[in-house]
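Enquirer: Have a look at this one before I ask anything.
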Amino acid sequence: MVRLDENEISFPDPELYDGHEGVIAFGGDLSIDRIWFAYQLGIFPWYNPGEEILWWCPDPRFVLFPDELKVSKSMKKILNRKIFTFSENQNFREVIKNCQQTNRKGQTGTWLSDELMESFIKLHEYGLAKSIEVWQNRELVGGFYGLQIGNVFCGESMFAKVSNASKAGFIHFVETHKHSLELIDCQSHTEHLESLGAKMISKKEFLKILYKNNER
C-alpha cells in the first residue's frame, strides 16, 4: 500500500497497482477534491471511523449493467401496486443519515464517519452526488446515494425502513436511467444486489468502462 500525502492529491494508478486485497493506498484526507478525484480513477474510501483512511480499488469489481437488471415476479407485483413513490435529490442529507444509522449484518458499527458524510453532502451541494428517495404515505422509508461519473453511477450505500423499499428504489432508478447509464458500480458483493442482476467483472474491464467517456 502507498501512503498518501495530505498536501498533494494523488493516487497510485489502479491499472498498474493491485495493492493488498483491493486496498491501494492509505492516509490522505477526505476533502471533496480528493474524493472526487478518487472516484474518477475508480477508487473509493472504506474504513472504520477513528482508524486510518483506506482507499480501495478491488479486483474483481461488483457491478450491474442496466440491461441485465432482474426483477422478480413478487417485486413486479409490489411495483405495480404503487405502494412506493420515488424522487431524486429531494432529501440527500436524510438519506445519507439513514444510511449511516442502519445496522448492517456482521457489523457492530458504521463505516460512514461524520467527516465522510459531510464530504458527500458537500459533493451533493456541488451537483456531484445524488440521492434516490423512496416514500410511503409521505414518509421516507428507503433510499440510496452515490456519485455519478459520466455514464457510470457509483453507488455508495442504501437503507430501508420497510421491506422491499431499497430494492424498489433501486429498480426504479435503473429502469428510469437505463438509457443514459452504461454501468452501476456496486463496489463489493451483496446477495441483495446479486439477486437484482449484479455480477463480478475484472478491475481492468471496470476501469475501461469508467475511463471511456471521462478524461482522467
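Here, A, B, ... name the chains of the C-alpha cells in the order displayed, residue numbers run from 1 inside each chain, and ligands are numbered from 1 in the same displayed order.
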Write out as a list in words which residues come within 9 Å of Ala168 of chain A when counting only C-alpha atoms, dropping same-chain ones fewer than 5 positions away.

Expert: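 My list of contacting residues is Met75, Ile78, Leu79, Phe84, Val134, Gly142 and Phe173 of chain A.
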
Enquirer: Based on the selection just made, write C-alpha atoms of those residues as a short mmCIF file (atom, residue, chain, number, x, y, z; two decimals), in the first residue's frame.

Expert:
data_model
loop_
_atom_site.label_atom_id
_atom_site.label_comp_id
_atom_site.auth_asym_id
_atom_site.auth_seq_id
_atom_site.Cartn_x
_atom_site.Cartn_y
_atom_site.Cartn_z
CA MET A 75 -41.21 -7.32 -6.98
CA ILE A 78 -45.14 -4.69 -5.47
CA LEU A 79 -44.17 -2.06 -8.05
CA PHE A 84 -43.98 3.38 -3.03
CA VAL A 134 -38.36 6.05 -1.55
CA GLY A 142 -35.79 3.92 1.90
CA PHE A 173 -33.64 4.12 -10.63
#

Enquirer: Using only C-alpha atoms, which protein or nucleic acid residues come within 12 Å of Asn164 of chain A? Drop anything in the same chain fewer than 6 positions from it, and give the result as a PyMOL selection string.

Expert: chain A and resi 71-72+74-79+83-84+134-136+141-143+158+170-172+192

Enquirer: Okay, now the selection with N, CA and C atoms, as an mmCIF file, in the first residue's frame?

Expert:
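Written out: again_2.cif:
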data_model
loop_
_atom_site.group_PDB
_atom_site.id
_atom_site.type_symbol
_atom_site.label_atom_id
_atom_site.label_comp_id
_atom_site.auth_asym_id
_atom_site.auth_seq_id
_atom_site.Cartn_x
_atom_site.Cartn_y
_atom_site.Cartn_z
ATOM 1 N N VAL A 71 -35.827 -8.451 -12.285
ATOM 2 C CA VAL A 71 -36.944 -8.065 -11.418
ATOM 3 C C VAL A 71 -37.823 -9.302 -11.221
ATOM 4 N N SER A 72 -37.920 -9.769 -9.985
ATOM 5 C CA SER A 72 -38.699 -10.969 -9.702
ATOM 6 C C SER A 72 -40.194 -10.697 -9.875
ATOM 7 N N SER A 74 -42.478 -11.264 -7.719
ATOM 8 C CA SER A 74 -43.004 -10.648 -6.496
ATOM 9 C C SER A 74 -42.717 -9.158 -6.464
ATOM 10 N N MET A 75 -41.521 -8.752 -6.957
ATOM 11 C CA MET A 75 -41.209 -7.323 -6.982
ATOM 12 C C MET A 75 -42.036 -6.602 -8.040
ATOM 13 N N LYS A 76 -42.303 -7.246 -9.139
ATOM 14 C CA LYS A 76 -43.157 -6.633 -10.161
ATOM 15 C C LYS A 76 -44.548 -6.348 -9.591
ATOM 16 N N LYS A 77 -45.063 -7.286 -8.793
ATOM 17 C CA LYS A 77 -46.366 -7.083 -8.169
ATOM 18 C C LYS A 77 -46.338 -5.903 -7.214
ATOM 19 N N ILE A 78 -45.262 -5.795 -6.424
ATOM 20 C CA ILE A 78 -45.138 -4.687 -5.473
ATOM 21 C C ILE A 78 -45.075 -3.350 -6.214
ATOM 22 N N LEU A 79 -44.290 -3.308 -7.277
ATOM 23 C CA LEU A 79 -44.170 -2.063 -8.051
ATOM 24 C C LEU A 79 -45.491 -1.715 -8.729
ATOM 25 N N ILE A 83 -47.208 1.030 -4.063
ATOM 26 C CA ILE A 83 -47.190 1.347 -2.631
ATOM 27 C C ILE A 83 -46.057 2.303 -2.284
ATOM 28 N N PHE A 84 -45.098 2.448 -3.229
ATOM 29 C CA PHE A 84 -43.985 3.383 -3.028
ATOM 30 C C PHE A 84 -44.033 4.468 -4.107
ATOM 31 N N VAL A 134 -37.185 6.910 -1.435
ATOM 32 C CA VAL A 134 -38.361 6.047 -1.552
ATOM 33 C C VAL A 134 -39.344 6.458 -0.461
ATOM 34 N N TRP A 135 -40.581 6.733 -0.853
ATOM 35 C CA TRP A 135 -41.587 7.255 0.070
ATOM 36 C C TRP A 135 -42.770 6.295 0.173
ATOM 37 N N GLN A 136 -43.351 6.275 1.348
ATOM 38 C CA GLN A 136 -44.597 5.552 1.560
ATOM 39 C C GLN A 136 -45.463 6.393 2.491
ATOM 40 N N VAL A 141 -38.936 6.063 3.560
ATOM 41 C CA VAL A 141 -38.793 4.698 4.070
ATOM 42 C C VAL A 141 -37.620 3.947 3.449
ATOM 43 N N GLY A 142 -36.933 4.571 2.517
ATOM 44 C CA GLY A 142 -35.790 3.918 1.900
ATOM 45 C C GLY A 142 -35.077 4.858 0.951
ATOM 46 N N GLY A 143 -33.922 4.401 0.470
ATOM 47 C CA GLY A 143 -33.185 5.204 -0.492
ATOM 48 C C GLY A 143 -31.722 4.819 -0.554
ATOM 49 N N MET A 158 -27.214 2.127 0.892
ATOM 50 C CA MET A 158 -28.661 2.210 0.831
ATOM 51 C C MET A 158 -29.254 1.835 2.178
ATOM 52 N N PHE A 170 -34.097 0.978 -6.071
ATOM 53 C CA PHE A 170 -33.005 0.637 -6.985
ATOM 54 C C PHE A 170 -33.554 0.252 -8.358
ATOM 55 N N ILE A 171 -34.586 -0.575 -8.366
ATOM 56 C CA ILE A 171 -35.196 -0.984 -9.638
ATOM 57 C C ILE A 171 -35.737 0.227 -10.390
ATOM 58 N N HIS A 172 -36.425 1.104 -9.673
ATOM 59 C CA HIS A 172 -36.968 2.310 -10.301
ATOM 60 C C HIS A 172 -35.850 3.158 -10.897
ATOM 61 N N HIS A 192 -28.161 -9.088 -1.812
ATOM 62 C CA HIS A 192 -29.284 -8.209 -2.153
ATOM 63 C C HIS A 192 -29.166 -7.739 -3.599
#

Enquirer: Go through A:Gly28, A:Gly42, A:Gly127, A:Pro49 one by one, measure the shortest atom-to-atom distance of each to Asn89 of chain A using only C-alpha atoms, and give the residue with the smallest value.

Expert: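 For Asn89 of chain A, the nearest of the given residues is A:Gly127.
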
Enquirer: Can you tell me, as a PyMOL selection string, what residues are no more than 12 Å from Arg34 of chain A when counting only C-alpha atoms, ignoring any on the same chain fewer than 5 positions away?

Expert: chain A and resi 4-11+27-29+39-41+43-45+55+116+119-120+123

Enquirer: I'd like to know which of A:Ile32, A:Val152, A:Val63, A:Ile53 is closest to Thr190 of chain A, using only C-alpha atoms.

Expert: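 Under the stated criterion, the closest residue is A:Val63.
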
Enquirer: Work out how far atom CA of Met1 of chain A is from atom CA of Val23 of chain A, in Å to one decimal.

Expert: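 A separation of 6.8 Å between them.
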
Enquirer: Which residue is closest to Phe92 of chain A? Choose from A:Thr176, A:Ser31, A:Asn151, A:Ser131 and count only C-alpha atoms.

Expert: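 Ranking A:Thr176, A:Ser31, A:Asn151, A:Ser131 by distance to Phe92 of chain A, first place goes to A:Ser131.
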
Enquirer: Grab the atom CA of Ile149 of chain A to atom CA of Glu94 of chain A distance for me, in Å with one decimal place.

Expert: 22.6 Å

Enquirer: Among segment 82-206 of chain A, which ones does DSSP assign to helix (DSSP H, G or I) (computed from the backbone)? Answer as an MDAnalysis selection string.

Expert: chainID A and resid 92:101 114:125 165:177 191:194 203:206

Enquirer: Deliver the residues from the most recent selection as a file, using N, CA and C atoms, as a tab-separated table (two decimals), in the first residue's frame.

Expert:
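What landed in selection19.tsv:
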chain	number	residue	atom	x	y	z
A	92	PHE	N	-31.20	14.60	0.27
A	92	PHE	CA	-29.92	13.90	0.32
A	92	PHE	C	-29.44	13.71	1.75
A	93	ARG	N	-29.52	14.75	2.55
A	93	ARG	CA	-29.00	14.68	3.92
A	93	ARG	C	-29.69	13.59	4.74
A	94	GLU	N	-31.01	13.47	4.61
A	94	GLU	CA	-31.72	12.45	5.37
A	94	GLU	C	-31.41	11.04	4.86
A	95	VAL	N	-31.21	10.91	3.56
A	95	VAL	CA	-30.85	9.61	3.01
A	95	VAL	C	-29.51	9.15	3.55
A	96	ILE	N	-28.52	10.02	3.51
A	96	ILE	CA	-27.19	9.60	3.96
A	96	ILE	C	-27.15	9.40	5.47
A	97	LYS	N	-27.93	10.18	6.21
A	97	LYS	CA	-28.01	9.97	7.67
A	97	LYS	C	-28.61	8.61	7.98
A	98	ASN	N	-29.65	8.24	7.26
A	98	ASN	CA	-30.27	6.94	7.47
A	98	ASN	C	-29.32	5.81	7.09
A	99	CYS	N	-28.54	6.00	6.04
A	99	CYS	CA	-27.55	5.00	5.67
A	99	CYS	C	-26.50	4.83	6.77
A	100	GLN	N	-26.11	5.95	7.37
A	100	GLN	CA	-25.12	5.89	8.45
A	100	GLN	C	-25.68	5.14	9.66
A	101	GLN	N	-26.94	5.30	9.94
A	101	GLN	CA	-27.54	4.74	11.16
A	101	GLN	C	-28.06	3.32	11.00
A	114	ASP	N	-18.77	10.71	10.38
A	114	ASP	CA	-19.38	12.03	10.25
A	114	ASP	C	-18.62	12.87	9.23
A	115	GLU	N	-17.29	12.77	9.23
A	115	GLU	CA	-16.47	13.57	8.30
A	115	GLU	C	-16.74	13.15	6.86
A	116	LEU	N	-16.80	11.85	6.61
A	116	LEU	CA	-17.07	11.38	5.25
A	116	LEU	C	-18.48	11.76	4.82
A	117	MET	N	-19.42	11.67	5.74
A	117	MET	CA	-20.79	12.03	5.43
A	117	MET	C	-20.89	13.51	5.03
A	118	GLU	N	-20.22	14.38	5.76
A	118	GLU	CA	-20.26	15.80	5.43
A	118	GLU	C	-19.60	16.08	4.08
A	119	SER	N	-18.56	15.32	3.74
A	119	SER	CA	-17.92	15.49	2.43
A	119	SER	C	-18.88	15.13	1.31
A	120	PHE	N	-19.64	14.05	1.49
A	120	PHE	CA	-20.61	13.67	0.46
A	120	PHE	C	-21.74	14.69	0.36
A	121	ILE	N	-22.13	15.27	1.49
A	121	ILE	CA	-23.17	16.31	1.46
A	121	ILE	C	-22.67	17.52	0.65
A	122	LYS	N	-21.40	17.87	0.84
A	122	LYS	CA	-20.83	18.97	0.06
A	122	LYS	C	-20.76	18.61	-1.43
A	123	LEU	N	-20.41	17.36	-1.73
A	123	LEU	CA	-20.39	16.93	-3.13
A	123	LEU	C	-21.78	17.02	-3.74
A	124	HIS	N	-22.79	16.71	-2.94
A	124	HIS	CA	-24.17	16.84	-3.41
A	124	HIS	C	-24.50	18.30	-3.69
A	125	GLU	N	-24.07	19.18	-2.81
A	125	GLU	CA	-24.34	20.61	-2.99
A	125	GLU	C	-23.68	21.15	-4.26
A	165	ALA	N	-38.23	-1.64	0.29
A	165	ALA	CA	-38.15	-0.22	-0.08
A	165	ALA	C	-36.89	0.09	-0.88
A	166	SER	N	-35.73	-0.34	-0.40
A	166	SER	CA	-34.50	-0.03	-1.12
A	166	SER	C	-34.43	-0.77	-2.45
A	167	LYS	N	-34.95	-2.00	-2.47
A	167	LYS	CA	-34.95	-2.78	-3.70
A	167	LYS	C	-35.85	-2.10	-4.74
A	168	ALA	N	-37.01	-1.64	-4.31
A	168	ALA	CA	-37.92	-0.95	-5.23
A	168	ALA	C	-37.29	0.33	-5.75
A	169	GLY	N	-36.61	1.07	-4.87
A	169	GLY	CA	-35.96	2.30	-5.29
A	169	GLY	C	-34.85	2.04	-6.30
A	170	PHE	N	-34.10	0.98	-6.07
A	170	PHE	CA	-33.01	0.64	-6.98
A	170	PHE	C	-33.55	0.25	-8.36
A	171	ILE	N	-34.59	-0.58	-8.37
A	171	ILE	CA	-35.20	-0.98	-9.64
A	171	ILE	C	-35.74	0.23	-10.39
A	172	HIS	N	-36.43	1.10	-9.67
A	172	HIS	CA	-36.97	2.31	-10.30
A	172	HIS	C	-35.85	3.16	-10.90
A	173	PHE	N	-34.77	3.32	-10.15
A	173	PHE	CA	-33.64	4.12	-10.63
A	173	PHE	C	-33.03	3.52	-11.89
A	174	VAL	N	-32.77	2.23	-11.87
A	174	VAL	CA	-32.16	1.58	-13.03
A	174	VAL	C	-33.07	1.68	-14.25
A	175	GLU	N	-34.35	1.40	-14.07
A	175	GLU	CA	-35.27	1.44	-15.21
A	175	GLU	C	-35.45	2.86	-15.74
A	176	THR	N	-35.37	3.85	-14.86
A	176	THR	CA	-35.52	5.24	-15.28
A	176	THR	C	-34.30	5.73	-16.05
A	177	HIS	N	-33.11	5.24	-15.68
A	177	HIS	CA	-31.87	5.78	-16.26
A	177	HIS	C	-31.13	4.77	-17.15
A	191	GLU	N	-25.67	-10.12	-1.47
A	191	GLU	CA	-26.69	-11.00	-2.02
A	191	GLU	C	-27.89	-10.20	-2.51
A	192	HIS	N	-28.16	-9.09	-1.81
A	192	HIS	CA	-29.28	-8.21	-2.15
A	192	HIS	C	-29.17	-7.74	-3.60
A	193	LEU	N	-27.99	-7.25	-3.98
A	193	LEU	CA	-27.79	-6.72	-5.33
A	193	LEU	C	-27.54	-7.83	-6.34
A	194	GLU	N	-26.96	-8.93	-5.89
A	194	GLU	CA	-26.79	-10.06	-6.81
A	194	GLU	C	-28.15	-10.58	-7.29
A	203	LYS	N	-11.29	-5.85	-12.68
A	203	LYS	CA	-10.96	-4.44	-12.48
A	203	LYS	C	-10.60	-3.79	-13.82
A	204	LYS	N	-9.89	-4.51	-14.66
A	204	LYS	CA	-9.48	-3.97	-15.95
A	204	LYS	C	-10.69	-3.58	-16.79
A	205	GLU	N	-11.71	-4.46	-16.82
A	205	GLU	CA	-12.92	-4.16	-17.60
A	205	GLU	C	-13.67	-2.98	-16.99
A	206	PHE	N	-13.76	-2.96	-15.66
A	206	PHE	CA	-14.46	-1.86	-14.99
A	206	PHE	C	-13.80	-0.51	-15.30

Enquirer: Quick check, in Å to one decimal: how far apart do atom CA of Gly197 of chain A and atom CA of Glu156 of chain A lie?

Expert: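 Going from atom CA of Gly197 of chain A over to atom CA of Glu156 of chain A covers 17.3 Å.
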
Enquirer: Write out as a count of residues only the residues lying within 10 Å of Glu68 of chain A, counting only C-alpha atoms and excluding same-chain residues fewer than 3 positions away.

Expert: 8

Enquirer: What residues in segment 58-210 of chain A get the DSSP label strand (DSSP E)? Please answer as number ranges by chain.

Expert: A: 61-64, 85-88, 129-136, 139-149, 152-160, 183-187, 199-201

Enquirer: Taking only C-alpha atoms into account, which of A:Pro66, A:Lys82, A:Asp18, A:Trp111 comes nearest Leu181 of chain A?

Expert: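 The shortest atom-to-atom distance to Leu181 of chain A comes from A:Pro66.
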
Enquirer: With only C-alpha atoms as the basis for distance, which of A:Leu210, A:Leu54, A:Ala160, A:Cys154 is at the shortest distance from Gly22 of chain A?

Expert: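 Of all the options, A:Leu54 lies closest to Gly22 of chain A.
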
Enquirer: For a quick check of understanding, using only C-alpha atoms, which of A:Leu183, A:Asn80, A:Cys57, A:Gly155 has the smallest distance to Leu16 of chain A?

Expert: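 Ranking A:Leu183, A:Asn80, A:Cys57, A:Gly155 by distance to Leu16 of chain A, first place goes to A:Cys57.
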